[in-house]
Amino acid sequence: MMKMGHLSNAQLRRLEEHKYSCASSSLMDPMMQKWWCWLVEQISMTLAPNLITIAGLFINIVTSLLLVYYSPDAKQEVPRWACFLCALGLFIYQSLDAIDGKQARRTGTSSPLGELFDHGCDSLSTGTLRFGYVDVTEAQFGVIIIHLITVIFGPGVWSVKVPVLWIPLQCVPTIIGLIAAAVALFNNFKIILIKRGAGRNGSTVAVSC
């Protein structure tokens, strides 16, 4: 009998055979792939993929903390340069996060276990990591655009009333985000409940008996 917390030989073999599967219909990913592929070629072959991930995360955290420093309760106006650095930090994070896997593959340091750990939760519902037309890349660029609007027009622009809707401009990104989240949840539940995709061919199968 297999001990609790240990994998059987059969499960270990399936783990070694696990292959990451991804299907994307994102609107911006095809365009960004050209940038990401060029960028990874500029990276030294000796640079560890995990270091790329950590560096991007560190930059994003530091630039985001600038907003917390200047507006700890989100009521004070933040300097435009801080908003610009936040936009830049998010773009750098997005770029580095997109090339860490590419770096792992080009240096031969990728592994099924690493991919399973990184993408297991994403592939849990269908066995294939699926991205919608408006997904992570689009959401990140949305935040970058918000920062750049603040840089160009100043924080006061978000208090301007939107014609016809007569709501502050600051409410528009929230409304768009809620709509996008609702659509994403609907699509995910449709796959799980109607197509019965939960766990099928996914990471859970990689260690099943």
# chains A, B, ... in the order shown; residues from 1 in each chain; ligands from 1

call {"tool": "residues_around", "arguments": {"residues": "stretch 58-64 of chain A", "least_positions_apart": "5", "cutoff": "8 Å", "atoms": "only C-alpha atoms", "output": "list in words"}}
result
Ala82, Leu85, Cys86, Gly89, Leu90, Ile92 and Tyr93 of chain A

call {"tool": "residues_around", "arguments": {"residues": "stretch 169-186 of chain A", "least_positions_apart": "3", "cutoff": "7 Å", "atoms": "only C-alpha atoms", "output": "MDAnalysis selection string"}}
result
chainID A and resid 158:162 189:190

call {"tool": "write_last_selection", "arguments": {"atoms": "N, CA, C and O atoms", "output": "JSON list (two decimals), in the first residue's frame"}}
result
[["chain", "number", "residue", "atom", "x", "y", "z"],
["A", 158, "TRP", "N", -9.64, 61.20, -13.41],
["A", 158, "TRP", "CA", -10.54, 60.10, -13.05],
["A", 158, "TRP", "C", -11.80, 60.58, -12.35],
["A", 158, "TRP", "O", -12.74, 59.79, -12.15],
["A", 159, "SER", "N", -11.84, 61.87, -11.98],
["A", 159, "SER", "CA", -13.05, 62.42, -11.37],
["A", 159, "SER", "C", -13.99, 63.03, -12.40],
["A", 159, "SER", "O", -15.12, 63.41, -12.08],
["A", 160, "VAL", "N", -13.54, 63.12, -13.66],
["A", 160, "VAL", "CA", -14.36, 63.68, -14.73],
["A", 160, "VAL", "C", -15.54, 62.76, -15.02],
["A", 160, "VAL", "O", -15.39, 61.54, -15.09],
["A", 161, "LYS", "N", -16.73, 63.35, -15.18],
["A", 161, "LYS", "CA", -17.92, 62.55, -15.48],
["A", 161, "LYS", "C", -17.92, 62.13, -16.95],
["A", 161, "LYS", "O", -17.63, 62.93, -17.84],
["A", 162, "VAL", "N", -18.26, 60.87, -17.17],
["A", 162, "VAL", "CA", -18.34, 60.33, -18.53],
["A", 162, "VAL", "C", -19.66, 60.77, -19.15],
["A", 162, "VAL", "O", -20.72, 60.57, -18.54],
["A", 189, "PHE", "N", -17.23, 27.81, -16.10],
["A", 189, "PHE", "CA", -18.26, 26.91, -15.57],
["A", 189, "PHE", "C", -18.93, 26.13, -16.70],
["A", 189, "PHE", "O", -19.33, 24.97, -16.50],
["A", 190, "LYS", "N", -19.03, 26.73, -17.87],
["A", 190, "LYS", "CA", -19.63, 26.03, -19.01],
["A", 190, "LYS", "C", -18.76, 24.84, -19.40],
["A", 190, "LYS", "O", -19.27, 23.75, -19.69]]

call {"tool": "closest_residue", "arguments": {"among": "A:Ala98, A:Pro163, A:Ala87, A:Thr109", "to": "A:Ile144", "atoms": "only C-alpha atoms"}}
result
A:Ala87

call {"tool": "atom_distance", "arguments": {"atom1": "atom CA of A:Thr150", "atom2": "atom CA of A:Trp38"}}
result
29.9 Å
